[in-house]
Amino acid sequence: MNEIIAAGPGLSAWLILAGVLFSVGVYGVLSRRNLIAILCSVELMANAVNINLVAFSRFHGDTLGQAFALFGIALTVAEVGVGLAIVMLVYRQRQGIDIDDLHDLLG
Amino acid sequence: MTFTGIESLTLPLAVLALLLMVFLADLLVPAPSDGRQSDAQRGLGALTCVGLVGVILLSWWMPQGGLAFGGAYVQDAFATYLQRVLLAAAALGALGSIDHVDRNFPSRQGEYYLMLLFSLLGMVVLAGARELVLIIVAFELMGIPLYVLAAMQKRAAGGVEGSLKLYLTGAVSSAVTLYGMSFIYGVTGTTNLTAIAARLSLGDDQGPLLVLGLLLSLAGMGFKIGVVPFHMWVPDTYQGSPTPFVAFLSVAPKAAGFGVLVRLFVEGLGAMRDTWWPIVLVLCVATMVVGNLFALSQRNVKRLLAWSGVAHIGLMLLAFGIATVQGIGVLIFYLTAYVFTNMGAFFIVDVVGQDGSDDLDAWQGLARRSPALGGAMLIFLLSLGGIPFVAGFWAKFLLFWAAWQAGMGLLVLLGALLAVLALFYYLKVARSMFIEGTDGPAPRVALPTALAITIALLGVIGIGVYPQPFVDAALAAAAGLLGG
């Protein structure tokens, strides 16, 4: 822990950037009503993670974090692919992709 | 990386082989142009089910204790036990789905069973994953097919909405988990859980970043298994999705999720139990209380079972939090009992709801219309409620016993009180079946569904009458994990 802080502004700057990006993503997911905008926000969160991983990888001087980030990118793509398909289904059903239109289920 | 240890991957490879078989069979079967199913397509479900039974039998033949992928995957007793539970859940789920798939989306049979197997493959790998990257990959492999399966009824009003809710919580929770794991990797400099445990046992100061990583991972996993306050998707997704799939969704991903929790927090971050236990305790109490209270007022049986499922997750979280050999053993025994009980109950919900209504009113007089179905449902409800001598009783009893021995007397008291409360809503369904309503025609039960209900019933009664071998196996698996 201490050596991470002692590494100078390099690592902490990246971590703060990732933290801010992640928070923006979380805010977007919670506040946006448009499904595409929500998907974009999820993407933002995932990219914050990748910045984090690559920054740590650089800090440790290994490539493990970079490999981790590559896996993360591939997984996010797969996930967003399915997500867009589901959004398409929503659009076909209701001619709109506003999340407030979805209230068929109780609760 | 070499391919030594490939024999340790027997089980995941067997599931993969079965998956490819179903895929090829689906390609080779001529697709009927009129949107109706052919008999050969109908066989895909049977093929899946029989294949999975074969894989379960294989699990007694394969080498144990080996490592693969440089220690990223381990085929230890814990993994094997959990994999058998998962495979049994998938086989039962496939069997119970055959009739439902036939009725509702006959032209997409191949897709349904393929997605089921993809998800199962993710779960099977997850049970043995001991490395953060592998955990995340397997987690997604488990999750993504579930979104597709939940949206199978794409024209039904609630189907897409339920799937969307599952997807959004799933995608966000994956990102949160990944963010947490990036901190765990960043602080420890490794992604291997045994190396992380070794690193932590050196007594390094654990630092706020590691605690942050731990919290985020816990929150992300909590989303997936439906822990309060991350449970909002559970009732909606259950209500909107195909019922036999819900039977699978309500047990298998939970079992796999608890497997990861155990790997990550007991095997990897066990040295930090003092940090995570208070948080798990709060989540556990909140989950038990909220699940039971919301279940009380439900009129829709699917939603009622969804909330009761949330309450059960709370109890399992307690077993997980004890984190001793006894606690983990009880956790996986609980999961075993829960698989048979919950799946059986959901299959009967599917039979009763085939006319389109999952409302409690549709259940009136079921015991008079069909004594077999009514009796079976009563046994599943008693097992969910924890009445002697069915499977659920031993699960609850052993859990409370383990918690008592760990010095959690107050939690045992709370759990027992809530178990009494739970009887109210379980018996509400029973009252509707046995006391209310009039005579009428018995609901149609297809042969595969009847078979699935019977197997679940035999499991519930079998574990209830003679739990010893299951308890012993669960405790041995937990002891192997914790080196006790």
# chains A, B, ... in the order shown; residues from 1 in each chain; ligands from 1
$ interface_residues --of "chain A" --to "chain B" --cutoff "8 Å" --atoms "only C-alpha atoms" --output "VMD selection string"
chain A and resid 1 4 42 45 to 46 48 to 49 52 to 53 56 to 57 60 64 to 65 68 71 to 72 75 78 to 79 82 to 83 86 to 87 89 to 90 93 102 to 107
$ select_by_dssp --residues "chain A" --states "helix (DSSP H, G or I)" --output "MDAnalysis selection string"
chainID A and resid 2:6 9:31 35:60 64:94 99:101
$ residues_around --residues "range 409-413 of chain B" --least-positions-apart "4" --cutoff "12 Å" --atoms "only C-alpha atoms" --output "list in words"
Leu281, Val282, Cys284, Val285, Ala286, Met288, Val289, Gly314, Leu315, Leu317, Leu318, Ala319, Gly321, Ile322, Lys396, Phe397, Leu398, Leu399, Phe400, Trp401, Ala402, Ala403, Trp404, Gln405, Leu417, Leu418, Ala419 and Val420 of chain B
$ write_last_selection --atoms "N, CA and C atoms" --output "mmCIF file, in the first residue's frame"
data_model
loop_
_atom_site.group_PDB
_atom_site.id
_atom_site.type_symbol
_atom_site.label_atom_id
_atom_site.label_comp_id
_atom_site.auth_asym_id
_atom_site.auth_seq_id
_atom_site.Cartn_x
_atom_site.Cartn_y
_atom_site.Cartn_z
ATOM 1 N N LEU B 281 -22.575 -9.587 7.353
ATOM 2 C CA LEU B 281 -23.599 -9.720 8.398
ATOM 3 C C LEU B 281 -24.776 -8.786 8.129
ATOM 4 N N VAL B 282 -24.467 -7.515 7.822
ATOM 5 C CA VAL B 282 -25.530 -6.542 7.549
ATOM 6 C C VAL B 282 -26.339 -6.978 6.321
ATOM 7 N N CYS B 284 -26.668 -9.922 5.124
ATOM 8 C CA CYS B 284 -27.388 -11.164 5.418
ATOM 9 C C CYS B 284 -28.677 -10.874 6.175
ATOM 10 N N VAL B 285 -28.609 -10.038 7.196
ATOM 11 C CA VAL B 285 -29.813 -9.703 7.969
ATOM 12 C C VAL B 285 -30.810 -8.970 7.074
ATOM 13 N N ALA B 286 -30.326 -7.982 6.298
ATOM 14 C CA ALA B 286 -31.217 -7.222 5.425
ATOM 15 C C ALA B 286 -31.891 -8.151 4.424
ATOM 16 N N MET B 288 -32.477 -11.446 4.603
ATOM 17 C CA MET B 288 -33.473 -12.320 5.229
ATOM 18 C C MET B 288 -34.755 -11.562 5.529
ATOM 19 N N VAL B 289 -34.610 -10.374 6.132
ATOM 20 C CA VAL B 289 -35.795 -9.622 6.570
ATOM 21 C C VAL B 289 -36.598 -9.150 5.368
ATOM 22 N N GLY B 314 -30.334 -14.995 1.876
ATOM 23 C CA GLY B 314 -29.879 -14.420 3.143
ATOM 24 C C GLY B 314 -29.347 -15.490 4.077
ATOM 25 N N LEU B 315 -30.075 -16.605 4.171
ATOM 26 C CA LEU B 315 -29.634 -17.691 5.048
ATOM 27 C C LEU B 315 -28.310 -18.285 4.566
ATOM 28 N N LEU B 317 -26.102 -16.766 2.889
ATOM 29 C CA LEU B 317 -25.066 -15.771 3.143
ATOM 30 C C LEU B 317 -24.550 -15.909 4.572
ATOM 31 N N LEU B 318 -25.456 -16.263 5.488
ATOM 32 C CA LEU B 318 -25.045 -16.496 6.870
ATOM 33 C C LEU B 318 -24.076 -17.675 6.934
ATOM 34 N N ALA B 319 -24.435 -18.773 6.243
ATOM 35 C CA ALA B 319 -23.552 -19.943 6.227
ATOM 36 C C ALA B 319 -22.193 -19.578 5.645
ATOM 37 N N GLY B 321 -20.817 -16.634 5.666
ATOM 38 C CA GLY B 321 -20.099 -15.729 6.558
ATOM 39 C C GLY B 321 -19.431 -16.431 7.723
ATOM 40 N N ILE B 322 -19.984 -17.596 8.133
ATOM 41 C CA ILE B 322 -19.359 -18.333 9.227
ATOM 42 C C ILE B 322 -17.941 -18.732 8.831
ATOM 43 N N LYS B 396 -31.761 -26.039 7.053
ATOM 44 C CA LYS B 396 -31.947 -24.964 8.034
ATOM 45 C C LYS B 396 -31.393 -25.375 9.395
ATOM 46 N N PHE B 397 -31.671 -26.615 9.795
ATOM 47 C CA PHE B 397 -31.245 -27.091 11.107
ATOM 48 C C PHE B 397 -29.721 -27.047 11.231
ATOM 49 N N LEU B 398 -29.032 -27.589 10.217
ATOM 50 C CA LEU B 398 -27.573 -27.617 10.279
ATOM 51 C C LEU B 398 -27.000 -26.202 10.231
ATOM 52 N N LEU B 399 -27.669 -25.338 9.452
ATOM 53 C CA LEU B 399 -27.204 -23.953 9.370
ATOM 54 C C LEU B 399 -27.301 -23.280 10.739
ATOM 55 N N PHE B 400 -28.464 -23.423 11.387
ATOM 56 C CA PHE B 400 -28.629 -22.779 12.699
ATOM 57 C C PHE B 400 -27.668 -23.385 13.708
ATOM 58 N N TRP B 401 -27.439 -24.701 13.605
ATOM 59 C CA TRP B 401 -26.508 -25.369 14.514
ATOM 60 C C TRP B 401 -25.093 -24.803 14.328
ATOM 61 N N ALA B 402 -24.687 -24.661 13.052
ATOM 62 C CA ALA B 402 -23.343 -24.128 12.783
ATOM 63 C C ALA B 402 -23.238 -22.692 13.283
ATOM 64 N N ALA B 403 -24.304 -21.904 13.068
ATOM 65 C CA ALA B 403 -24.270 -20.503 13.504
ATOM 66 C C ALA B 403 -24.220 -20.428 15.027
ATOM 67 N N TRP B 404 -24.963 -21.325 15.686
ATOM 68 C CA TRP B 404 -24.967 -21.352 17.148
ATOM 69 C C TRP B 404 -23.574 -21.660 17.668
ATOM 70 N N GLN B 405 -22.926 -22.636 17.047
ATOM 71 C CA GLN B 405 -21.587 -23.011 17.491
ATOM 72 C C GLN B 405 -20.569 -21.921 17.221
ATOM 73 N N LEU B 417 -37.211 -16.948 13.872
ATOM 74 C CA LEU B 417 -38.431 -16.140 13.828
ATOM 75 C C LEU B 417 -38.899 -15.945 12.378
ATOM 76 N N LEU B 418 -37.934 -15.625 11.505
ATOM 77 C CA LEU B 418 -38.301 -15.391 10.105
ATOM 78 C C LEU B 418 -38.762 -16.683 9.449
ATOM 79 N N ALA B 419 -38.210 -17.823 9.892
ATOM 80 C CA ALA B 419 -38.647 -19.105 9.326
ATOM 81 C C ALA B 419 -40.111 -19.351 9.669
ATOM 82 N N VAL B 420 -40.514 -18.949 10.886
ATOM 83 C CA VAL B 420 -41.924 -19.085 11.259
ATOM 84 C C VAL B 420 -42.779 -18.164 10.400
#
$ closest_residue --among "B:Ala476, B:Leu95, B:Leu13, B:Val310" --to "Ala456 in chain B" --atoms "only C-alpha atoms"
B:Leu95
$ residues_around --residues "Ala89 in chain B" --least-positions-apart "6" --cutoff "7 Å" --atoms "only C-alpha atoms" --output "list in words"
Phe248, Ala252 and Val339 of chain B
$ residues_around --residues "Leu305 in chain B" --least-positions-apart "5" --cutoff "10 Å" --atoms "only C-alpha atoms" --output "list in words"
Pro235, Tyr238, Gln239, Ser250, Gly291, Ala295, Gln298, Asn300, Val310, Ala311, Asn342, Ala345, Phe346, Val349, Leu381, Leu384, Tyr425 and Tyr426 of chain B
$ write_last_selection --atoms "C-alpha atoms" --output "PDB file, in the first residue's frame"
ATOM      1  CA  PRO B 235     -38.934 -10.673  -8.833  1.00  0.00           C
ATOM      2  CA  TYR B 238     -38.576 -14.316 -12.490  1.00  0.00           C
ATOM      3  CA  GLN B 239     -42.048 -13.121 -13.397  1.00  0.00           C
ATOM      4  CA  SER B 250     -33.115 -19.464  -9.253  1.00  0.00           C
ATOM      5  CA  GLY B 291     -37.099 -11.221   1.392  1.00  0.00           C
ATOM      6  CA  ALA B 295     -42.964 -12.431   0.111  1.00  0.00           C
ATOM      7  CA  GLN B 298     -47.413 -11.451  -2.951  1.00  0.00           C
ATOM      8  CA  ASN B 300     -48.345 -13.978  -7.862  1.00  0.00           C
ATOM      9  CA  VAL B 310     -34.158 -13.814  -1.708  1.00  0.00           C
ATOM     10  CA  ALA B 311     -34.821 -14.845   1.889  1.00  0.00           C
ATOM     11  CA  ASN B 342     -36.883 -24.826  -5.675  1.00  0.00           C
ATOM     12  CA  ALA B 345     -41.674 -25.949  -7.014  1.00  0.00           C
ATOM     13  CA  PHE B 346     -41.042 -23.910 -10.171  1.00  0.00           C
ATOM     14  CA  VAL B 349     -45.680 -23.371 -11.209  1.00  0.00           C
ATOM     15  CA  LEU B 381     -43.381 -25.853   0.215  1.00  0.00           C
ATOM     16  CA  LEU B 384     -38.786 -24.446   1.572  1.00  0.00           C
ATOM     17  CA  TYR B 425     -46.792 -17.363   2.919  1.00  0.00           C
ATOM     18  CA  TYR B 426     -45.833 -20.923   2.054  1.00  0.00           C
TER      19      TYR B 426
END
